[in-house]
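K.L.:
Compact mmCIF, C-alpha atoms and all ligand atoms, file protein_24.txt:
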# COMPACT_ATOMS: atom_id res chain seq x y z
CA MET A 243 49.33 121.73 128.39
CA LEU A 244 45.61 122.22 128.35
CA GLY A 245 43.63 119.58 126.57
CA VAL A 246 46.19 116.81 127.08
CA ASP A 247 44.78 114.01 129.20
CA MET A 248 47.39 113.73 131.96
CA PRO A 249 46.49 111.56 134.95
CA ALA A 250 45.90 113.71 138.03
CA LYS A 251 48.79 113.56 140.47
CA MET A 252 48.04 111.38 143.47
CA ASN A 253 49.72 111.03 146.81
CA VAL A 254 50.52 107.40 147.60
CA PRO A 255 52.63 107.06 150.76
CA PHE A 256 54.72 103.93 151.16
CA PHE A 257 52.95 103.21 154.43
CA ASN A 258 50.36 105.22 156.32
CA TYR A 259 51.01 104.77 160.05
CA PRO A 260 48.00 106.73 161.38
CA ARG A 261 45.67 104.38 159.51
CA VAL A 262 46.94 101.43 161.60
CA TYR A 263 44.81 103.16 164.22
CA THR A 264 42.23 105.30 162.43
CA ASP A 265 40.78 102.59 160.14
CA GLU A 266 39.55 100.65 163.19
CA ARG A 267 39.37 103.43 165.72
CA ASP A 268 35.95 102.60 167.15
CA GLN A 269 36.67 98.92 167.71
CA LEU A 270 40.13 99.67 169.11
CA LEU A 271 38.78 102.22 171.58
CA LYS A 272 36.26 99.64 172.73
CA ILE A 273 39.00 97.06 173.32
CA PHE A 274 41.15 99.66 175.07
CA ASP A 275 38.28 100.64 177.35
CA GLU A 276 37.18 97.09 178.09
CA VAL A 277 40.69 95.83 178.89
CA GLY A 278 41.52 99.01 180.79
CA GLN A 279 38.42 98.76 183.00
CA ARG A 280 39.48 95.24 183.95
CA GLY A 281 42.99 96.45 184.74
CA ALA A 282 44.24 93.52 182.68
CA PHE A 283 47.66 94.76 181.58
CA ILE A 284 50.27 92.04 182.09
CA LEU A 285 50.04 88.26 181.51
CA GLN A 286 46.24 88.16 181.52
CA GLN A 287 43.58 86.08 179.81
CA ASP A 288 43.57 88.14 176.58
CA LEU A 289 47.21 87.21 176.06
CA ARG A 290 46.58 83.52 176.76
CA ASP A 291 43.61 83.55 174.38
CA PHE A 292 45.65 85.20 171.64
CA GLU A 293 48.51 82.74 172.08
CA THR A 294 46.05 79.85 171.77
CA ALA A 295 44.46 81.38 168.66
CA LEU A 296 47.86 82.02 167.09
CA ALA A 297 49.03 78.46 167.73
CA GLN A 298 45.79 77.17 166.25
CA TYR A 299 46.00 79.45 163.21
CA THR A 300 49.56 78.44 162.34
CA GLY A 301 49.30 74.83 163.40
CA SER A 302 52.12 75.29 165.91
CA LYS A 303 52.02 73.36 169.22
CA HIS A 304 53.04 76.40 171.25
CA ALA A 305 52.98 80.18 170.88
CA ILE A 306 54.45 82.63 173.40
CA GLY A 307 53.75 86.36 173.17
CA VAL A 308 57.02 88.27 173.59
CA GLY A 309 58.13 91.90 173.53
CA ASN A 310 59.25 91.82 169.89
CA ALA A 311 60.42 89.34 167.27
CA THR A 312 64.09 90.17 167.80
CA ASP A 313 63.85 88.91 171.39
CA GLY A 314 61.86 85.92 170.17
CA LEU A 315 64.58 84.92 167.69
CA GLU A 316 67.22 85.30 170.37
CA PHE A 317 65.16 83.15 172.75
CA GLY A 318 65.01 80.47 170.06
CA TRP A 319 68.80 80.24 169.85
CA MET A 320 69.31 80.70 173.61
CA SER A 321 66.91 77.82 174.22
CA ILE A 322 68.84 75.61 171.82
CA GLY A 323 72.10 76.79 173.39
CA LEU A 324 74.93 78.22 171.28
CA ARG A 325 78.58 78.00 172.36
CA PRO A 326 81.37 80.36 171.24
CA GLY A 327 82.42 79.43 167.70
CA ASP A 328 79.11 77.78 166.82
CA GLU A 329 78.15 78.90 163.33
CA VAL A 330 74.64 79.61 162.10
CA ILE A 331 74.03 80.23 158.40
CA PHE A 332 71.60 82.97 157.30
CA CYS A 333 70.91 84.94 154.11
CA SER A 334 72.46 88.42 154.12
CA HIS A 335 69.26 89.91 152.64
CA THR A 336 67.45 90.15 155.96
CA MET A 337 66.97 92.51 158.85
CA LEU A 338 69.99 92.95 161.14
CA ALA A 339 67.84 91.35 163.84
CA THR A 340 68.30 87.91 162.26
CA ALA A 341 72.08 87.99 162.57
CA ALA A 342 71.92 89.85 165.88
CA ALA A 343 69.85 87.05 167.43
CA ILE A 344 72.60 84.54 166.56
CA LYS A 345 75.29 86.87 167.87
CA THR A 346 73.62 87.87 171.13
CA ALA A 347 72.77 84.23 171.83
CA GLY A 348 76.51 83.49 171.68
CA GLY A 349 77.03 82.15 168.15
CA THR A 350 78.67 83.33 164.94
CA PRO A 351 76.37 84.49 162.12
CA ILE A 352 77.52 83.28 158.66
CA PRO A 353 75.93 85.24 155.79
CA VAL A 354 75.22 83.59 152.43
CA GLU A 355 73.71 84.48 149.05
CA LEU A 356 70.09 84.81 147.99
CA ALA A 357 68.39 82.72 145.30
CA ASP A 358 66.25 83.90 142.38
CA ASP A 359 63.14 84.28 144.55
CA ASN A 360 65.11 86.58 146.92
CA LEU A 361 65.20 83.98 149.73
CA ILE A 362 68.19 82.08 151.09
CA ASP A 363 70.12 80.11 148.42
CA LEU A 364 70.09 76.48 149.57
CA ASP A 365 73.09 75.56 147.39
CA ALA A 366 75.01 78.31 149.17
CA VAL A 367 73.82 76.90 152.50
CA GLU A 368 75.20 73.47 151.63
CA ASP A 369 78.51 75.03 150.55
CA ALA A 370 78.80 76.94 153.85
CA ILE A 371 78.32 73.91 156.09
CA ASN A 372 81.50 72.86 157.93
CA PRO A 373 82.28 71.13 161.25
CA ARG A 374 81.53 74.32 163.23
CA THR A 375 78.05 74.72 161.73
CA VAL A 376 75.23 74.10 164.21
CA GLY A 377 72.26 75.78 162.58
CA ILE A 378 70.46 77.43 159.70
CA MET A 379 68.30 80.52 160.08
CA PRO A 380 66.16 81.13 157.01
CA THR A 381 64.25 84.39 156.74
CA GLN A 382 60.76 83.93 155.31
CA LEU A 383 61.24 87.27 153.62
CA ASN A 384 58.55 89.56 152.25
CA GLY A 385 55.91 87.03 153.30
CA ARG A 386 57.27 84.11 151.28
CA THR A 387 58.34 80.78 152.79
CA CYS A 388 61.49 79.08 151.47
CA ASP A 389 61.54 75.55 150.16
CA MET A 390 61.50 74.23 153.72
CA GLU A 391 61.34 70.63 152.56
CA ARG A 392 64.82 70.83 151.08
CA LEU A 393 66.09 73.06 153.88
CA MET A 394 64.93 70.67 156.63
CA ASN A 395 66.40 67.82 154.64
CA ILE A 396 69.80 69.53 154.61
CA ALA A 397 69.45 70.28 158.33
CA GLN A 398 68.61 66.68 159.18
CA ARG A 399 71.44 65.28 157.10
CA HIS A 400 73.93 67.49 158.94
CA ARG A 401 72.16 67.41 162.33
CA LEU A 402 71.62 71.16 162.38
CA PHE A 403 69.11 73.26 164.29
CA VAL A 404 66.72 75.53 162.41
CA VAL A 405 65.24 78.74 163.75
CA GLU A 406 63.01 80.48 161.21
CA ASP A 407 62.86 84.24 161.05
CA ALA A 408 59.15 84.37 160.26
CA ALA A 409 58.84 88.01 161.37
CA GLN A 410 57.30 88.92 157.99
CA ALA A 411 55.47 85.73 157.23
CA LEU A 412 52.42 85.08 159.40
CA GLY A 413 50.03 83.01 157.28
CA SER A 414 52.58 82.28 154.55
CA ARG A 415 52.82 78.61 153.61
CA PHE A 416 55.01 76.12 151.79
CA LYS A 417 53.13 73.02 150.57
CA GLY A 418 50.29 73.98 152.88
CA LYS A 419 52.39 74.21 156.04
CA HIS A 420 52.75 77.55 157.81
CA ALA A 421 55.93 79.61 157.98
CA GLY A 422 57.39 79.33 161.45
CA THR A 423 56.31 75.74 162.03
CA PHE A 424 59.02 73.81 160.15
CA GLY A 425 62.10 74.36 162.29
CA HIS A 426 62.84 73.96 166.01
CA ALA A 427 61.57 77.46 166.74
CA SER A 428 60.59 80.69 164.99
CA ALA A 429 59.49 84.22 165.73
CA ILE A 430 56.78 86.42 164.26
CA SER A 431 56.71 90.22 164.52
CA PHE A 432 53.72 92.43 165.25
CA PHE A 433 55.53 95.71 164.53
CA PRO A 434 52.81 98.13 163.29
CA ALA A 435 53.84 97.87 159.62
CA LYS A 436 53.95 94.08 159.63
CA VAL A 437 51.18 92.01 158.04
CA LEU A 438 49.57 91.57 161.46
CA GLY A 439 50.45 94.79 163.25
CA SER A 440 49.85 95.99 166.80
CA LEU A 441 49.96 99.57 168.10
CA GLY A 442 53.56 99.22 169.24
CA ASP A 443 56.21 96.55 169.56
CA GLY A 444 55.20 92.92 169.85
CA GLY A 445 56.17 89.44 168.75
CA ALA A 446 55.65 85.73 169.29
CA VAL A 447 57.78 82.61 169.53
CA LEU A 448 56.39 79.50 167.85
CA THR A 449 57.70 76.03 168.57
CA ASN A 450 56.61 72.39 168.49
CA ASP A 451 59.39 71.40 170.88
CA ALA A 452 58.41 71.06 174.56
CA GLY A 453 61.94 71.81 175.82
CA ILE A 454 62.34 74.94 173.68
CA PHE A 455 58.90 76.08 174.77
CA ASP A 456 59.83 75.70 178.46
CA ARG A 457 63.13 77.55 178.10
CA SER A 458 61.74 80.34 175.90
CA PHE A 459 58.83 80.79 178.28
CA GLN A 460 61.23 81.17 181.21
CA LEU A 461 63.46 83.57 179.29
CA HIS A 462 60.53 85.89 178.54
CA ASP A 463 59.29 86.11 182.15
CA HIS A 464 62.14 86.29 184.67
CA GLY A 465 62.92 82.59 184.56
CA ARG A 466 59.45 81.57 185.71
CA ASP A 467 57.65 78.58 184.22
CA VAL A 468 53.93 78.45 183.43
CA GLU A 469 53.22 77.67 187.10
CA GLY A 470 55.20 80.70 188.27
CA GLU A 471 58.06 78.61 189.66
CA VAL A 472 61.53 80.08 189.01
CA ARG A 473 63.58 77.56 187.02
CA SER A 474 66.39 79.62 185.48
CA TRP A 475 67.66 83.14 184.86
CA GLY A 476 65.42 85.11 182.58
CA ARG A 477 64.44 88.61 181.62
CA ASN A 478 61.27 90.55 180.90
CA SER A 479 60.06 90.40 177.31
CA ARG A 480 56.30 89.93 177.49
CA LEU A 481 53.67 90.86 174.93
CA ASP A 482 51.36 93.45 176.53
CA ASN A 483 47.95 92.07 177.31
CA LEU A 484 46.32 95.08 175.64
CA GLN A 485 48.30 94.53 172.44
CA ALA A 486 47.36 90.84 172.58
CA ALA A 487 43.66 91.77 172.78
CA ILE A 488 44.06 94.03 169.73
CA LEU A 489 46.01 91.37 167.82
CA HIS A 490 43.42 88.72 168.62
CA PHE A 491 40.70 90.99 167.27
CA ARG A 492 42.74 91.54 164.10
CA LEU A 493 43.62 87.87 163.67
CA LYS A 494 39.92 87.10 163.22
CA SER A 495 39.82 88.96 159.89
CA TYR A 496 43.42 88.20 158.94
CA ASP A 497 42.55 85.98 155.98
CA GLN A 498 40.95 89.01 154.31
CA VAL A 499 44.20 90.91 154.84
CA ILE A 500 46.11 88.20 152.99
CA THR A 501 43.55 88.08 150.19
CA ARG A 502 43.82 91.82 149.69
CA ARG A 503 47.62 91.82 149.66
CA ARG A 504 47.66 89.04 147.10
CA ALA A 505 45.19 91.02 144.98
CA VAL A 506 47.51 94.06 145.04
CA ALA A 507 50.45 91.83 144.03
CA ALA A 508 48.37 90.45 141.16
CA ILE A 509 47.74 93.98 139.85
CA TYR A 510 51.45 94.82 139.97
CA GLN A 511 52.19 91.57 138.15
CA ALA A 512 49.58 92.18 135.46
CA ARG A 513 50.60 95.79 134.87
CA LEU A 514 54.41 95.52 135.15
CA GLY A 515 55.17 91.91 134.21
CA ASP A 516 56.13 92.79 130.62
CA LEU A 517 58.80 95.39 131.49
CA GLU A 518 62.19 93.78 130.93
CA GLU A 519 63.82 96.53 133.02
CA LEU A 520 62.21 94.99 136.12
CA GLN A 521 62.45 91.68 137.92
CA LEU A 522 59.24 91.27 139.86
CA PRO A 523 58.83 88.96 142.86
CA PRO A 524 57.05 85.64 142.21
CA ALA A 525 53.39 86.18 141.26
CA PRO A 526 50.68 84.98 143.67
CA ASP A 527 49.74 82.06 141.41
CA ALA A 528 53.23 81.32 140.05
CA ASN A 529 53.87 78.11 142.00
CA PRO A 530 51.22 76.12 143.90
CA ASP A 531 53.83 75.05 146.50
CA HIS A 532 54.12 78.62 147.71
CA PHE A 533 51.41 80.71 149.34
CA ASP A 534 52.86 84.22 149.81
CA VAL A 535 51.34 86.93 152.01
CA TYR A 536 53.29 89.87 150.50
CA GLN A 537 54.55 91.65 153.58
CA ASN A 538 56.37 93.70 150.94
CA TYR A 539 56.40 94.00 147.18
CA GLU A 540 60.11 94.08 146.47
CA LEU A 541 61.49 94.09 142.94
CA GLN A 542 64.71 94.77 141.09
CA ALA A 543 64.82 97.69 138.69
CA ASP A 544 67.25 99.10 136.14
CA ARG A 545 68.20 102.70 137.03
CA ARG A 546 66.70 102.12 140.46
CA ASP A 547 67.70 105.47 141.99
CA GLU A 548 66.24 107.43 139.06
CA LEU A 549 63.04 105.40 139.24
CA LYS A 550 62.78 106.16 142.95
CA GLU A 551 63.21 109.88 142.25
CA HIS A 552 60.66 109.79 139.44
CA LEU A 553 58.10 108.11 141.67
CA LYS A 554 58.82 110.52 144.51
CA ALA A 555 58.32 113.49 142.19
CA ASN A 556 54.94 112.02 141.33
CA GLY A 557 53.84 111.62 144.94
CA ILE A 558 54.67 107.93 145.39
CA GLY A 559 56.56 106.65 148.41
CA THR A 560 58.98 103.73 147.97
CA LEU A 561 61.56 102.11 150.19
CA VAL A 562 64.93 100.47 149.71
CA GLN A 563 65.00 97.68 152.27
CA TRP A 564 67.19 97.72 155.40
CA GLY A 565 68.68 101.18 154.83
CA GLY A 566 70.08 100.08 151.46
CA LYS A 567 72.54 97.43 152.64
CA ALA A 568 72.61 93.72 153.24
CA VAL A 569 73.74 92.62 156.71
CA HIS A 570 77.32 91.79 155.66
CA GLN A 571 77.72 95.25 154.06
CA TRP A 572 77.62 97.10 157.41
CA GLU A 573 81.41 97.35 157.70
CA ARG A 574 81.58 97.94 161.43
CA LEU A 575 79.98 94.56 162.12
CA GLY A 576 83.17 92.89 160.92
CA PHE A 577 81.98 90.60 158.12
CA LEU A 578 84.77 89.87 155.65
CA VAL A 579 82.82 88.08 152.90
CA LYS A 580 81.80 89.36 149.49
CA LEU A 581 78.40 88.20 148.24
CA PRO A 582 78.09 89.40 144.62
CA LYS A 583 74.46 88.39 144.09
CA VAL A 584 73.23 90.07 147.27
CA GLU A 585 75.33 93.16 146.54
CA ARG A 586 73.98 93.45 143.00
CA PHE A 587 70.49 93.03 144.40
CA PHE A 588 71.02 95.96 146.78
CA ARG A 589 72.00 98.21 143.89
CA ARG A 590 68.72 97.38 142.16
CA CYS A 591 66.05 96.69 144.78
CA ILE A 592 63.06 98.85 145.60
CA MET A 593 59.73 98.25 147.32
CA LEU A 594 56.46 99.64 145.96
CA PRO A 595 53.47 100.49 148.20
CA MET A 596 51.99 97.21 149.51
CA ASN A 597 49.62 97.49 152.42
CA MET A 598 45.96 97.46 153.44
CA PHE A 599 45.47 101.17 152.79
CA VAL A 600 46.44 101.46 149.14
CA SER A 601 43.44 101.39 146.77
CA ASN A 602 43.26 99.71 143.35
CA GLU A 603 43.18 103.16 141.77
CA GLU A 604 46.39 104.08 143.60
CA VAL A 605 48.10 100.82 142.62
CA HIS A 606 47.21 101.52 138.98
CA TYR A 607 48.56 105.04 139.35
CA VAL A 608 51.85 103.63 140.69
CA CYS A 609 51.99 101.26 137.71
CA ASP A 610 51.25 104.12 135.29
CA GLN A 611 54.15 106.07 136.74
CA VAL A 612 56.57 103.11 136.62
CA ARG A 613 55.59 102.48 133.00
CA SER A 614 55.93 106.12 132.00
CA PHE A 615 59.45 106.17 133.53
CA TYR A 616 60.64 103.36 131.26
CA ARG A 617 58.51 104.02 128.20
CA THR A 618 58.76 107.75 127.52
C1 LIG B 1 60.61 93.18 161.53
C2 LIG B 1 61.63 92.10 161.42
C3 LIG B 1 62.33 91.59 162.51
C4 LIG B 1 62.26 92.21 163.88
O1 LIG B 1 60.97 92.28 164.42
P1 LIG B 1 60.74 93.18 165.69
O2 LIG B 1 59.41 92.73 166.21
O3 LIG B 1 60.71 94.61 165.24
O4 LIG B 1 61.83 92.91 166.66
C5 LIG B 1 63.20 90.54 162.32
N1 LIG B 1 63.38 90.01 161.12
C6 LIG B 1 62.74 90.45 160.03
C7 LIG B 1 62.96 89.80 158.70
C8 LIG B 1 61.86 91.53 160.14
O5 LIG B 1 61.25 92.00 159.05
For this file, write the structure as structure tokens.

P.N.:
Amino acid sequence: MLGVDMPAKMNVPFFNYPRVYTDERDQLLKIFDEVGQRGAFILQQDLRDFETALAQYTGSKHAIGVGNATDGLEFGWMSIGLRPGDEVIFCSHTMLATAAAIKTAGGTPIPVELADDNLIDLDAVEDAINPRTVGIMPTQLNGRTCDMERLMNIAQRHRLFVVEDAAQALGSRFKGKHAGTFGHASAISFFPAKVLGSLGDGGAVLTNDAGIFDRSFQLHDHGRDVEGEVRSWGRNSRLDNLQAAILHFRLKSYDQVITRRRAVAAIYQARLGDLEELQLPPAPDANPDHFDVYQNYELQADRRDELKEHLKANGIGTLVQWGGKAVHQWERLGFLVKLPKVERFFRRCIMLPMNMFVSNEEVHYVCDQVRSFYRT
């Protein structure tokens, strides 16, 4: 159709893994070379410096670099100590790792519903509490922190432990306080696609509790304490010193990362907010109590599968979270509950490109394509 002003087709991948490296190649090669020449690979100063910087940044007393966030979450519950039959409540819209950490630490994961902002429903939490309940494990999902004031209030009233899955939420805040610093312990992930990504696996445990710090530290390094004295049985789950050096370098400009992600979310909100076929996540300025870092931009959409196909045909990558199922929907894991709100959500949810590589022009192109799907 010559003469008709069609927007040129663009290619907008959901996430561009090579750019985790290529955008900062020169600086990364310098770090690689400098650390390599020192032979500083395991438990070296770069790791200690990064742990100190991370604790300072989040306002946590302690930070321990670990192999990945899944291990870190497990260390949190192992340090608290779960006995067979101990129940821990979590929201079923989360990564399997959340529930797995409860299970592998010896407890029973109890899935509950999500609320309107896609985070754990605190009414459902209260309903699920019974004499076997020992803990709550909120996921600070998509870079948003739950109402941790109310959650900690519930926990205190029922004498429950709280381990936060803050894998997606570094820098996210509720009433000015950082995700991962409310409960007894938390873990953050440095998986390459996470808001602060390394060039491989990596994670950190945060805690303000001296006892949990000691036990988690021992668990991550063969039972040794900070002095090297063996105090208990442990395993090896250490953050590589080289990854720590890279993460420390990236942490220094991390506030710009958050600013950019919030700017992308604001464009999506401005361009798509009027479509009644969609339910967008909370806007960056929607509620001053919440400061979201937008690990993902996850929304609900009518005719979700068709929308996904339409976007794909126009060069746009999208993702349906967690392989398309909530935790309790993986039948072989033996959950018997039905959670209608979560299940409806998983028929409708989709994530649009949200990362440091997508340009304003590309975000507008994505919005054009979403609009044209519903409006033509
Ligand atoms: C990524 C992620 C994890 C696991 O992090 P790893 O570092 O890959 O082990 C756990 N929970 C949530 C919500 C995540 O997004």

K.L.:
Check the smallest atom-to-atom distance from each of A:Lys567, A:Asn478, A:Glu551, A:Asn360 to Gly465 (chain A) using all atoms listed in the file, then report the winner.

P.N.:
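Result for the nearest residue to Gly465 (chain A): A:Asn478.
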
K.L.:
Set the distance at 10 Å and use only C-alpha atoms: which residues neighbour Glu276 (chain A) once local chain neighbours fewer than 5 positions away are removed? I'd like the list as a list in words.

P.N.:
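My list of contacting residues is Leu270, Leu271, Gly281, Ala282, Leu484 and Ala487 of chain A.
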
K.L.:
At a cut-off of 10 Å and counting all atoms listed in the file, what residues surround ligand LIG 1 (chain B)? Please answer as a PDB file with C-alpha atoms, in the frame of the given file.

P.N.:
ATOM      1  CA  VAL A 308      57.020  88.270 173.590  1.00  0.00           C
ATOM      2  CA  GLY A 309      58.130  91.900 173.530  1.00  0.00           C
ATOM      3  CA  ASN A 310      59.250  91.820 169.890  1.00  0.00           C
ATOM      4  CA  ALA A 311      60.420  89.340 167.270  1.00  0.00           C
ATOM      5  CA  THR A 312      64.090  90.170 167.800  1.00  0.00           C
ATOM      6  CA  ASP A 313      63.850  88.910 171.390  1.00  0.00           C
ATOM      7  CA  GLY A 314      61.860  85.920 170.170  1.00  0.00           C
ATOM      8  CA  LEU A 315      64.580  84.920 167.690  1.00  0.00           C
ATOM      9  CA  HIS A 335      69.260  89.910 152.640  1.00  0.00           C
ATOM     10  CA  THR A 336      67.450  90.150 155.960  1.00  0.00           C
ATOM     11  CA  MET A 337      66.970  92.510 158.850  1.00  0.00           C
ATOM     12  CA  LEU A 338      69.990  92.950 161.140  1.00  0.00           C
ATOM     13  CA  ALA A 339      67.840  91.350 163.840  1.00  0.00           C
ATOM     14  CA  THR A 340      68.300  87.910 162.260  1.00  0.00           C
ATOM     15  CA  ALA A 341      72.080  87.990 162.570  1.00  0.00           C
ATOM     16  CA  ALA A 342      71.920  89.850 165.880  1.00  0.00           C
ATOM     17  CA  ALA A 343      69.850  87.050 167.430  1.00  0.00           C
ATOM     18  CA  PRO A 380      66.160  81.130 157.010  1.00  0.00           C
ATOM     19  CA  THR A 381      64.250  84.390 156.740  1.00  0.00           C
ATOM     20  CA  GLN A 382      60.760  83.930 155.310  1.00  0.00           C
ATOM     21  CA  LEU A 383      61.240  87.270 153.620  1.00  0.00           C
ATOM     22  CA  ASN A 384      58.550  89.560 152.250  1.00  0.00           C
ATOM     23  CA  GLY A 385      55.910  87.030 153.300  1.00  0.00           C
ATOM     24  CA  GLU A 406      63.010  80.480 161.210  1.00  0.00           C
ATOM     25  CA  ASP A 407      62.860  84.240 161.050  1.00  0.00           C
ATOM     26  CA  ALA A 408      59.150  84.370 160.260  1.00  0.00           C
ATOM     27  CA  ALA A 409      58.840  88.010 161.370  1.00  0.00           C
ATOM     28  CA  GLN A 410      57.300  88.920 157.990  1.00  0.00           C
ATOM     29  CA  ALA A 411      55.470  85.730 157.230  1.00  0.00           C
ATOM     30  CA  ALA A 429      59.490  84.220 165.730  1.00  0.00           C
ATOM     31  CA  ILE A 430      56.780  86.420 164.260  1.00  0.00           C
ATOM     32  CA  SER A 431      56.710  90.220 164.520  1.00  0.00           C
ATOM     33  CA  PHE A 432      53.720  92.430 165.250  1.00  0.00           C
ATOM     34  CA  PHE A 433      55.530  95.710 164.530  1.00  0.00           C
ATOM     35  CA  PRO A 434      52.810  98.130 163.290  1.00  0.00           C
ATOM     36  CA  ALA A 435      53.840  97.870 159.620  1.00  0.00           C
ATOM     37  CA  LYS A 436      53.950  94.080 159.630  1.00  0.00           C
ATOM     38  CA  GLY A 439      50.450  94.790 163.250  1.00  0.00           C
ATOM     39  CA  GLY A 442      53.560  99.220 169.240  1.00  0.00           C
ATOM     40  CA  ASP A 443      56.210  96.550 169.560  1.00  0.00           C
ATOM     41  CA  GLY A 444      55.200  92.920 169.850  1.00  0.00           C
ATOM     42  CA  GLY A 445      56.170  89.440 168.750  1.00  0.00           C
ATOM     43  CA  ALA A 446      55.650  85.730 169.290  1.00  0.00           C
ATOM     44  CA  GLN A 537      54.550  91.650 153.580  1.00  0.00           C
ATOM     45  CA  ASN A 538      56.370  93.700 150.940  1.00  0.00           C
ATOM     46  CA  GLN A 563      65.000  97.680 152.270  1.00  0.00           C
ATOM     47  CA  TRP A 564      67.190  97.720 155.400  1.00  0.00           C
TER      48      TRP A 564
END

K.L.:
Using only C-alpha atoms, determine which residues lie at most 8 Å from region 316-321 of chain A, disregarding the query and same-chain residues fewer than 5 positions distant; provide the list as a list in words.

P.N.:
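Answer for this query is Ala342, Ala343, Ile344, Thr346, Ala347, Gly348, Val405, His426, Ala427, Ser428, Ala429, Val447, Gly453, Ile454, Arg457, Ser458, Leu461 and His462 of chain A.
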
K.L.:
With distances taken over all atoms listed in the file, which residue among A:Ala295, A:Met252, A:Ile592, A:Val569 lies nearest Ser334 (chain A)?

P.N.:
A:Val569

K.L.:
What's around Cys609 (chain A) at 8 Å? Count all atoms listed in the file, leave out sequence neighbours fewer than 3 positions away in its own chain, and write the answer as a ChimeraX atom specification.

P.N.:
/A:510,513-514,605-606,612-613

K.L.:
Those residues you just picked out, can you put them in a file as a CSV table (one decimal), in the coordinates of the input with C-alpha atoms?

P.N.:
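Below you can see again28.csv, which holds the result:
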chain,number,residue,atom,x,y,z
A,510,TYR,CA,51.4,94.8,140.0
A,513,ARG,CA,50.6,95.8,134.9
A,514,LEU,CA,54.4,95.5,135.2
A,605,VAL,CA,48.1,100.8,142.6
A,606,HIS,CA,47.2,101.5,139.0
A,612,VAL,CA,56.6,103.1,136.6
A,613,ARG,CA,55.6,102.5,133.0

K.L.:
Which is closest to Arg415 (chain A) among A:His304, A:Arg386, A:Arg589, A:Lys550, if we use only C-alpha atoms?

P.N.:
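Among A:His304, A:Arg386, A:Arg589, A:Lys550, it is A:Arg386 that comes nearest to Arg415 (chain A).
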
K.L.:
When you count all atoms listed in the file, which of these residues is closest to Asp288 (chain A): A:Leu517, A:Met379, A:Ile273, A:Leu364?

P.N.:
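Checking each candidate against Asp288 (chain A), we get A:Ile273 as the closest.
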
K.L.:
Go through A:Thr387, A:Tyr496, A:Lys345, A:Gln460 and flag the residue nearest Pro524 (chain A), using only C-alpha atoms for the distances.

P.N.:
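Checking each candidate against Pro524 (chain A), we get A:Thr387 as the closest.
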
K.L.:
Rank A:Leu441, A:Val468, A:Ala452, A:Met394 by their smallest atom-to-atom distance to Ile322 (chain A), using all atoms listed in the file, and report the top residue only.

P.N.:
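Distance minimum relative to Ile322 (chain A) lands on A:Ala452.
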
K.L.:
Let me know the centre plus edge lengths, in Å and rounded to one decimal, of a box with edges along x, y and z that contains all listed atoms of region 585-592 of chain A and is padded by 6 Å on every side, as lines of an AutoDock Vina configuration file.

P.N.:
center_x = 69.2
center_y = 95.9
center_z = 144.5
size_x = 24.3
size_y = 17.8
size_z = 16.6

K.L.:
So how many Å separate CA of Asn395 (chain A) and CA of Ile371 (chain A), to one decimal?

P.N.:
13.5 Å

K.L.:
Between CA of Leu489 (chain A) and CA of Leu448 (chain A), what distance in Å does the model show, to one decimal?

P.N.:
15.8 Å
